[in-house]
>>> print(open('coords-v9.txt').read())   # compact mmCIF, C-alpha atoms
# COMPACT_ATOMS: atom_id res chain seq x y z
CA MET A 27 103.96 158.32 -70.10
CA LYS A 28 105.12 157.40 -66.61
CA ILE A 29 106.21 153.97 -65.32
CA ILE A 30 106.89 152.80 -61.77
CA ALA A 31 109.47 150.04 -61.26
CA TYR A 32 109.23 148.07 -58.02
CA GLY A 33 111.91 146.04 -56.30
CA MET A 34 114.78 147.74 -58.12
CA ARG A 35 118.21 146.55 -57.03
CA ASP A 36 121.32 148.72 -57.11
CA ASP A 37 122.83 146.53 -59.84
CA GLU A 38 119.79 147.15 -62.06
CA MET A 39 119.73 150.94 -61.68
CA PRO A 40 122.37 151.84 -64.32
CA TYR A 41 120.40 149.91 -66.95
CA LEU A 42 117.12 151.56 -65.91
CA GLU A 43 118.66 155.03 -65.98
CA GLN A 44 120.22 154.45 -69.41
CA TRP A 45 116.92 153.15 -70.82
CA SER A 46 115.00 156.09 -69.35
CA LYS A 47 117.45 158.55 -70.91
CA ASP A 48 117.51 156.81 -74.30
CA ASN A 49 113.70 156.61 -74.50
CA ASN A 50 112.89 159.91 -72.79
CA ILE A 51 110.37 158.19 -70.51
CA GLU A 52 110.00 158.93 -66.81
CA VAL A 53 110.58 155.88 -64.61
CA LYS A 54 110.18 156.00 -60.84
CA ALA A 55 112.37 153.36 -59.22
CA VAL A 56 111.55 152.08 -55.74
CA LYS A 57 113.43 149.42 -53.81
CA GLU A 58 110.34 148.03 -52.11
CA LEU A 59 108.49 145.08 -53.60
CA LEU A 60 104.94 145.41 -54.86
CA ASP A 61 102.54 144.37 -52.11
CA GLU A 62 99.58 145.62 -50.10
CA ASN A 63 101.80 148.16 -48.31
CA THR A 64 103.41 149.69 -51.40
CA VAL A 65 100.75 149.44 -54.12
CA ASP A 66 99.54 153.01 -53.44
CA LEU A 67 102.88 154.29 -54.77
CA ALA A 68 101.65 153.29 -58.24
CA ASN A 69 98.77 155.78 -58.20
CA GLY A 70 99.26 158.24 -61.06
CA TYR A 71 101.43 155.96 -63.20
CA ASP A 72 100.56 154.32 -66.50
CA GLY A 73 102.29 151.00 -65.99
CA ALA A 74 104.27 148.95 -63.48
CA VAL A 75 107.47 146.93 -63.86
CA VAL A 76 108.08 144.39 -61.09
CA TYR A 77 110.27 141.56 -59.86
CA GLN A 78 109.57 139.51 -56.77
CA GLN A 79 108.95 136.08 -55.33
CA LYS A 80 106.02 137.21 -53.19
CA PRO A 81 102.51 136.62 -54.52
CA TYR A 82 100.75 139.16 -56.71
CA THR A 83 97.50 138.96 -54.77
CA ALA A 84 94.00 139.86 -55.88
CA GLU A 85 94.05 142.77 -53.44
CA VAL A 86 97.16 144.25 -55.05
CA LEU A 87 95.99 143.64 -58.61
CA ASP A 88 92.55 145.09 -57.93
CA LYS A 89 94.20 148.19 -56.50
CA LEU A 90 96.42 148.61 -59.57
CA ALA A 91 93.35 148.33 -61.78
CA SER A 92 91.54 150.95 -59.70
CA PHE A 93 94.42 153.32 -60.48
CA GLY A 94 93.92 152.64 -64.19
CA ILE A 95 97.06 150.51 -64.44
CA LYS A 96 96.37 147.67 -66.85
CA SER A 97 100.00 147.05 -67.91
CA LEU A 98 102.19 144.88 -65.64
CA SER A 99 105.63 143.77 -66.81
CA LEU A 100 107.68 141.22 -64.91
CA ARG A 101 111.47 141.32 -65.01
CA ASN A 102 111.54 137.53 -64.65
CA VAL A 103 110.10 134.40 -66.29
CA GLY A 104 107.79 132.83 -63.72
CA VAL A 105 104.13 133.83 -63.46
CA ASP A 106 102.99 131.13 -61.02
CA ASN A 107 102.76 133.68 -58.18
CA ILE A 108 100.13 135.80 -59.98
CA ASP A 109 96.42 135.53 -59.13
CA ALA A 110 95.20 134.61 -62.62
CA ASP A 111 91.53 135.13 -61.78
CA ALA A 112 92.22 138.71 -60.70
CA ILE A 113 94.28 139.38 -63.83
CA LYS A 114 91.41 138.28 -66.04
CA ARG A 115 88.76 140.04 -63.98
CA ASP A 116 90.66 143.32 -63.93
CA GLY A 117 91.70 143.18 -67.58
CA ILE A 118 95.38 143.55 -66.72
CA LYS A 119 97.88 142.54 -69.37
CA VAL A 120 101.10 140.89 -68.19
CA THR A 121 104.46 140.41 -69.86
CA ASN A 122 107.50 138.51 -68.67
CA VAL A 123 111.11 138.21 -69.85
CA PRO A 124 111.23 134.62 -71.07
CA ALA A 125 114.89 134.65 -72.10
CA TYR A 126 116.90 137.24 -70.21
CA SER A 127 119.94 134.96 -70.23
CA PRO A 128 119.52 131.20 -70.65
CA ASN A 129 123.32 130.95 -70.65
CA ALA A 130 123.50 132.31 -67.11
CA ILE A 131 121.30 129.57 -65.64
CA ALA A 132 122.81 126.79 -67.73
CA GLU A 133 126.38 127.80 -66.92
CA LEU A 134 125.87 127.82 -63.15
CA THR A 135 124.06 124.48 -63.32
CA ALA A 136 126.97 122.87 -65.16
CA THR A 137 129.47 124.54 -62.84
CA GLN A 138 127.78 123.09 -59.78
CA LEU A 139 127.58 119.65 -61.36
CA MET A 140 131.33 119.67 -62.01
CA ARG A 141 131.96 120.75 -58.43
CA LEU A 142 129.88 117.81 -57.21
CA ILE A 143 131.54 115.33 -59.55
CA ARG A 144 135.05 116.46 -58.60
CA ARG A 145 134.23 116.61 -54.85
CA THR A 146 135.53 120.19 -54.52
CA ASN A 147 133.48 120.83 -51.38
CA THR A 148 135.18 117.91 -49.66
CA PHE A 149 138.66 118.91 -50.82
CA ASP A 150 138.12 122.52 -49.74
CA ARG A 151 137.33 121.29 -46.24
CA LYS A 152 140.25 118.86 -46.16
CA ILE A 153 142.74 121.45 -47.37
CA ALA A 154 141.47 124.00 -44.83
CA ASN A 155 142.35 121.40 -42.17
CA GLY A 156 145.79 120.72 -43.62
CA ASP A 157 144.82 117.39 -45.19
CA LEU A 158 146.24 117.18 -48.72
CA ARG A 159 145.52 113.49 -49.31
CA TRP A 160 143.51 112.26 -52.28
CA ALA A 161 141.72 109.18 -50.99
CA PRO A 162 139.00 108.22 -50.55
CA ASP A 163 137.43 111.06 -52.55
CA ILE A 164 137.90 109.77 -56.08
CA ALA A 165 135.81 111.51 -58.74
CA ASP A 166 133.54 110.52 -61.60
CA GLU A 167 133.86 111.88 -65.16
CA LEU A 168 130.98 113.52 -66.96
CA ASP A 169 131.91 112.03 -70.31
CA GLN A 170 131.11 108.61 -68.86
CA MET A 171 127.68 109.67 -67.61
CA THR A 172 124.14 110.10 -68.93
CA VAL A 173 122.42 113.39 -68.15
CA GLY A 174 118.64 113.42 -68.09
CA VAL A 175 117.33 116.88 -68.96
CA ILE A 176 113.73 117.57 -67.92
CA ALA A 177 112.25 120.36 -70.08
CA THR A 178 114.03 121.45 -73.24
CA GLY A 179 113.13 125.12 -73.51
CA ARG A 180 115.75 127.82 -73.95
CA ILE A 181 117.60 127.03 -70.72
CA GLY A 182 117.34 123.26 -71.10
CA ARG A 183 118.80 123.44 -74.61
CA LYS A 184 121.71 125.62 -73.44
CA ALA A 185 122.40 123.12 -70.66
CA ILE A 186 122.34 120.26 -73.16
CA ASN A 187 124.98 122.03 -75.26
CA ILE A 188 127.25 122.44 -72.25
CA TYR A 189 126.83 118.84 -71.09
CA ARG A 190 127.61 117.65 -74.60
CA GLY A 191 130.76 119.76 -74.56
CA PHE A 192 131.96 117.53 -71.73
CA GLY A 193 131.07 114.44 -73.75
CA ALA A 194 128.02 113.38 -71.75
CA LYS A 195 125.22 111.33 -73.26
CA ILE A 196 121.87 113.14 -73.18
CA VAL A 197 118.32 111.88 -72.70
CA ALA A 198 115.47 114.35 -72.41
CA TYR A 199 111.81 114.58 -71.47
CA ASP A 200 109.37 117.33 -72.40
CA ILE A 201 105.68 117.28 -73.25
CA TYR A 202 106.59 119.64 -76.11
CA HIS A 203 109.38 118.28 -78.31
CA ASN A 204 111.90 120.63 -79.86
CA PRO A 205 112.05 119.77 -83.59
CA GLU A 206 115.85 119.79 -83.77
CA LEU A 207 116.26 117.61 -80.70
CA GLU A 208 113.49 115.36 -81.97
CA LYS A 209 115.59 114.60 -85.03
CA GLU A 210 118.47 113.59 -82.78
CA GLY A 211 116.33 111.00 -81.01
CA ILE A 212 117.18 112.07 -77.48
CA TYR A 213 113.62 112.20 -76.13
CA VAL A 214 112.17 109.46 -73.95
CA ASP A 215 108.44 108.88 -73.65
CA THR A 216 108.10 109.00 -69.87
CA LEU A 217 109.80 110.45 -66.84
CA ASP A 218 110.16 106.93 -65.46
CA GLU A 219 112.30 106.02 -68.46
CA LEU A 220 114.48 109.08 -67.92
CA TYR A 221 114.83 108.28 -64.20
CA ALA A 222 115.99 104.75 -65.02
CA LYS A 223 118.63 105.89 -67.53
CA ALA A 224 120.09 109.06 -66.00
CA ASP A 225 123.16 109.37 -63.81
CA VAL A 226 122.40 113.08 -63.54
CA ILE A 227 118.96 114.74 -63.56
CA SER A 228 118.87 118.39 -64.60
CA LEU A 229 115.57 120.20 -63.95
CA HIS A 230 114.49 123.09 -66.18
CA SER A 231 110.69 122.99 -65.84
CA PRO A 232 108.38 125.82 -64.86
CA ALA A 233 106.36 125.39 -61.69
CA THR A 234 102.79 124.28 -62.31
CA LYS A 235 100.15 122.57 -60.21
CA GLU A 236 100.73 119.41 -62.24
CA ASN A 237 104.46 119.14 -61.54
CA GLU A 238 104.59 120.32 -57.95
CA HIS A 239 106.87 117.90 -56.08
CA MET A 240 107.73 116.16 -59.34
CA LEU A 241 110.67 114.65 -57.50
CA ASP A 242 109.12 112.90 -54.52
CA ASP A 243 109.76 109.60 -52.73
CA GLU A 244 108.23 107.61 -55.58
CA ALA A 245 110.30 109.41 -58.23
CA PHE A 246 113.54 108.99 -56.29
CA SER A 247 112.83 105.28 -55.88
CA LYS A 248 112.87 104.88 -59.67
CA MET A 249 116.30 106.50 -60.11
CA LYS A 250 119.77 104.99 -60.18
CA ASP A 251 121.54 104.70 -56.85
CA GLY A 252 123.83 107.68 -56.32
CA VAL A 253 122.07 109.91 -58.86
CA TYR A 254 123.04 113.59 -59.06
CA ILE A 255 120.12 116.07 -58.81
CA LEU A 256 120.37 119.60 -60.22
CA ASN A 257 117.62 122.17 -59.69
CA PRO A 258 118.14 125.71 -61.01
CA ALA A 259 114.46 126.00 -61.97
CA ARG A 260 111.78 126.14 -59.25
CA GLY A 261 111.91 124.98 -55.64
CA ALA A 262 108.43 123.48 -55.80
CA LEU A 263 109.64 120.82 -58.25
CA ILE A 264 111.33 118.92 -55.39
CA ASP A 265 109.77 117.58 -52.21
CA THR A 266 112.47 118.70 -49.76
CA ASP A 267 111.68 116.05 -47.15
CA ALA A 268 111.86 113.34 -49.81
CA LEU A 269 115.20 114.70 -51.03
CA ILE A 270 116.62 114.63 -47.52
CA ARG A 271 115.49 111.02 -47.13
CA ALA A 272 117.04 110.13 -50.49
CA LEU A 273 120.32 111.78 -49.49
CA ASP A 274 120.31 109.93 -46.16
CA SER A 275 119.78 106.58 -47.89
CA GLY A 276 122.37 107.22 -50.61
CA LYS A 277 119.77 106.99 -53.39
CA VAL A 278 120.76 110.57 -54.23
CA GLY A 279 124.52 110.83 -54.27
CA ALA A 280 124.68 114.61 -54.47
CA ALA A 281 122.52 117.64 -55.25
CA ALA A 282 122.96 121.22 -56.42
CA LEU A 283 120.05 123.51 -55.61
CA ASP A 284 119.77 127.12 -56.71
CA VAL A 285 116.13 127.19 -55.62
CA TYR A 286 114.29 125.94 -52.56
CA GLU A 287 110.57 125.46 -52.01
CA ASP A 288 110.50 127.70 -48.92
CA GLU A 289 113.01 130.28 -50.15
CA VAL A 290 110.75 133.35 -50.01
CA GLY A 291 111.91 135.59 -47.16
CA ILE A 292 115.08 133.52 -46.72
CA PHE A 293 117.11 133.79 -49.90
CA ASN A 294 118.75 137.18 -50.50
CA THR A 295 118.67 137.91 -46.75
CA ASP A 296 121.62 138.36 -44.37
CA PHE A 297 120.81 136.58 -41.10
CA GLY A 298 124.18 137.43 -39.54
CA SER A 299 125.06 133.85 -38.68
CA PHE A 300 124.36 130.32 -39.83
CA ASP A 301 122.46 129.48 -36.65
CA ALA A 302 120.10 132.40 -37.26
CA ILE A 303 118.81 130.96 -40.55
CA PRO A 304 115.15 130.21 -39.67
CA ASP A 305 114.72 126.99 -41.62
CA GLU A 306 115.95 123.69 -40.21
CA ARG A 307 115.48 121.72 -43.45
CA LEU A 308 117.56 124.24 -45.36
CA LYS A 309 120.28 124.13 -42.72
CA ASN A 310 120.22 120.33 -42.96
CA LEU A 311 121.00 120.63 -46.67
CA LEU A 312 123.60 123.37 -46.21
CA LYS A 313 125.60 121.25 -43.76
CA ARG A 314 126.07 118.39 -46.24
CA GLU A 315 129.30 118.17 -48.23
CA ASN A 316 127.46 116.50 -51.11
CA VAL A 317 124.89 119.30 -51.41
CA LEU A 318 125.56 122.70 -52.93
CA VAL A 319 123.00 125.41 -52.23
CA THR A 320 123.09 128.83 -53.86
CA PRO A 321 120.45 131.47 -53.02
CA HIS A 322 118.69 131.74 -56.41
CA ILE A 323 121.69 133.34 -58.14
CA ALA A 324 121.79 131.38 -61.40
CA PHE A 325 120.25 134.33 -63.24
CA TYR A 326 122.49 136.88 -61.50
CA THR A 327 124.87 138.15 -64.18
CA LYS A 328 125.43 141.59 -65.68
CA THR A 329 123.94 140.46 -68.99
CA ALA A 330 120.82 139.13 -67.30
CA ALA A 331 120.35 142.21 -65.10
CA LYS A 332 120.49 144.46 -68.16
CA ASN A 333 118.15 142.32 -70.23
CA MET A 334 115.64 141.81 -67.42
CA THR A 335 115.42 145.52 -66.73
CA GLN A 336 115.39 146.91 -70.25
CA PHE A 337 113.26 144.20 -71.88
CA ALA A 338 110.60 144.61 -69.18
CA LEU A 339 110.54 148.40 -69.54
CA THR A 340 110.20 148.13 -73.31
CA SER A 341 107.41 145.57 -72.97
CA ASN A 342 105.60 147.84 -70.53
CA VAL A 343 105.73 150.73 -73.00
CA ASN A 344 104.34 148.48 -75.72
CA LEU A 345 101.44 147.40 -73.50
CA ILE A 346 100.65 150.99 -72.61
CA SER A 347 100.96 152.44 -76.11
CA LYS A 348 99.93 149.53 -78.35
CA GLY A 349 97.93 147.30 -76.04
CA THR A 350 100.12 144.29 -76.81
CA ASP A 351 103.69 142.95 -76.71
CA GLU A 352 105.32 139.78 -78.04
CA SER A 353 106.12 138.73 -74.45
CA GLU A 354 102.52 138.97 -73.25
CA VAL A 355 101.52 136.03 -71.04
CA LYS A 356 98.12 134.47 -71.66
CA PHE A 357 96.22 133.35 -68.57
>>> encode(input="coords-v9.txt", output="structure tokens")
Amino acid sequence: MKIIAYGMRDDEMPYLEQWSKDNNIEVKAVKELLDENTVDLANGYDGAVVYQQKPYTAEVLDKLASFGIKSLSLRNVGVDNIDADAIKRDGIKVTNVPAYSPNAIAELTATQLMRLIRRTNTFDRKIANGDLRWAPDIADELDQMTVGVIATGRIGRKAINIYRGFGAKIVAYDIYHNPELEKEGIYVDTLDELYAKADVISLHSPATKENEHMLDDEAFSKMKDGVYILNPARGALIDTDALIRALDSGKVGAAALDVYEDEVGIFNTDFGSFDAIPDERLKNLLKRENVLVTPHIAFYTKTAAKNMTQFALTSNVNLISKGTDESEVKF
């Protein structure tokens, strides 16, 4: 059995090498992402392990199938960039890693919220300029606030636990109710109700056609003035232009974004200088003291890197040898 692993980062390689040694399975690691230019590297392999933000196009998937590769294992959660029609047509089975480290995402989200609440960005700038005064940058306290959590899957539930540790009140919305949270009575029936109640909105939804630009001008208009927006989930959930308008008007008091709707080709790239970043809307957000942008790093911990790599490799072996895996995604 031979597996090819695309898009392998240096920080993932020790976990791949250990897994390969422990399981006595040959794994070819390549740094390039899987696309039309690199798909031929998979010829002669039994399965492919991948991680990327670029689309898995019909052309690429058809080529994999022509090589006899019907086992594709993602080292991440999202599958919205896969051509589902091609997957079904080619008979390719796909797995993801649905829970490589919910703690990692939830912890960064809470960290960024506390930075926003305590105005650390502003104080860092003031101190760098020799200004050690307090006023006028007085902070809020999370234990006096209501956090609205949208989507209560693994990550959403971890975030709820952290927010509760600070004493925050929680309201939540999800089309699928978690039984334990249901008993606690924290769910609201509509997003509008959550928008009206929440001082903080924490997004943990997958990206689907139905919730693209979930937070748009209309949604922001229904929120409290000065609301905090947290998005560690998917960039497509927020209409960036609408967010900028809401920040300009003060409707949104602050935002922490670990994802951005046009991040592909921008995040995880060194442009050499701020001015060289080729996205004016992103630079608009980066310049604001009340906005914290991180380049899709919420998942980026040692625990997550290990789990993403080794879980995906194990799933790929199961697809190849058994034809199924508990993490198989149904399209």
>>> atom_distance(input="coords-v9.txt", atom1="atom CA of Ala185 of chain A", atom2="atom CA of Leu142 of chain A")
16.3 Å
>>> closest_residue(input="coords-v9.txt", among="A:Val343, A:Ala224, A:Ala84, A:Ala324", to="Glu133 of chain A", atoms="all atoms listed in the file")
A:Ala324
>>> residues_around(input="coords-v9.txt", residues="Asn344 of chain A", least_positions_apart="2", cutoff="12 Å", atoms="all atoms listed in the file", output="short mmCIF file (atom, residue, chain, number, x, y, z; two decimals) with C-alpha atoms, keeping the file's coordinate frame")
data_model
loop_
_atom_site.label_atom_id
_atom_site.label_comp_id
_atom_site.auth_asym_id
_atom_site.auth_seq_id
_atom_site.Cartn_x
_atom_site.Cartn_y
_atom_site.Cartn_z
CA MET A 27 103.96 158.32 -70.10
CA ILE A 29 106.21 153.97 -65.32
CA ASP A 72 100.56 154.32 -66.50
CA GLY A 73 102.29 151.00 -65.99
CA LYS A 96 96.37 147.67 -66.85
CA SER A 97 100.00 147.05 -67.91
CA LEU A 98 102.19 144.88 -65.64
CA SER A 99 105.63 143.77 -66.81
CA LYS A 119 97.88 142.54 -69.37
CA VAL A 120 101.10 140.89 -68.19
CA THR A 121 104.46 140.41 -69.86
CA PHE A 337 113.26 144.20 -71.88
CA ALA A 338 110.60 144.61 -69.18
CA LEU A 339 110.54 148.40 -69.54
CA THR A 340 110.20 148.13 -73.31
CA SER A 341 107.41 145.57 -72.97
CA ASN A 342 105.60 147.84 -70.53
CA ILE A 346 100.65 150.99 -72.61
CA SER A 347 100.96 152.44 -76.11
CA LYS A 348 99.93 149.53 -78.35
CA GLY A 349 97.93 147.30 -76.04
CA THR A 350 100.12 144.29 -76.81
CA ASP A 351 103.69 142.95 -76.71
CA GLU A 352 105.32 139.78 -78.04
CA SER A 353 106.12 138.73 -74.45
CA GLU A 354 102.52 138.97 -73.25
#
>>> atom_distance(input="coords-v9.txt", atom1="atom CA of Glu236 of chain A", atom2="atom CA of Val253 of chain A")
23.6 Å
>>> residues_around(input="coords-v9.txt", residues="Asp37 of chain A", least_positions_apart="2", cutoff="10 Å", atoms="all atoms listed in the file", output="VMD selection string")
chain A and resid 34 to 35 39 to 42 326 to 328 331 to 332
>>> residues_around(input="coords-v9.txt", residues="segment 284-294 of chain A", least_positions_apart="2", cutoff="10 Å", atoms="all atoms listed in the file", output="ChimeraX atom specification")
/A:78-81,131,134-135,138,238-239,256-266,281-282,296-297,303-305,307-308,318-325
>>> atom_distance(input="coords-v9.txt", atom1="atom CA of Asp157 of chain A", atom2="atom CA of Gly279 of chain A")
23.2 Å
>>> closest_residue(input="coords-v9.txt", among="A:Glu206, A:Asp111, A:Asp200, A:Asp163", to="Thr178 of chain A", atoms="only C-alpha atoms")
A:Asp200
>>> residues_around(input="coords-v9.txt", residues="Gly179 of chain A", least_positions_apart="4", cutoff="9 Å", atoms="only C-alpha atoms", output="list of chain:residue names")
A:Arg183, A:Lys184, A:Asp200, A:Tyr202, A:Asn204, A:His230, A:Ser231
>>> closest_residue(input="coords-v9.txt", among="A:Asn129, A:Gln336, A:Thr83, A:Ser92", to="Ala110 of chain A", atoms="all atoms listed in the file")
A:Thr83
>>> residues_near_point(input="coords-v9.txt", point="(111.2, 147.3, -53.3)", cutoff="12 Å", atoms="all atoms listed in the file", output="PyMOL selection string")
chain A and resi 30-36+54-61+63-65+67+75-80
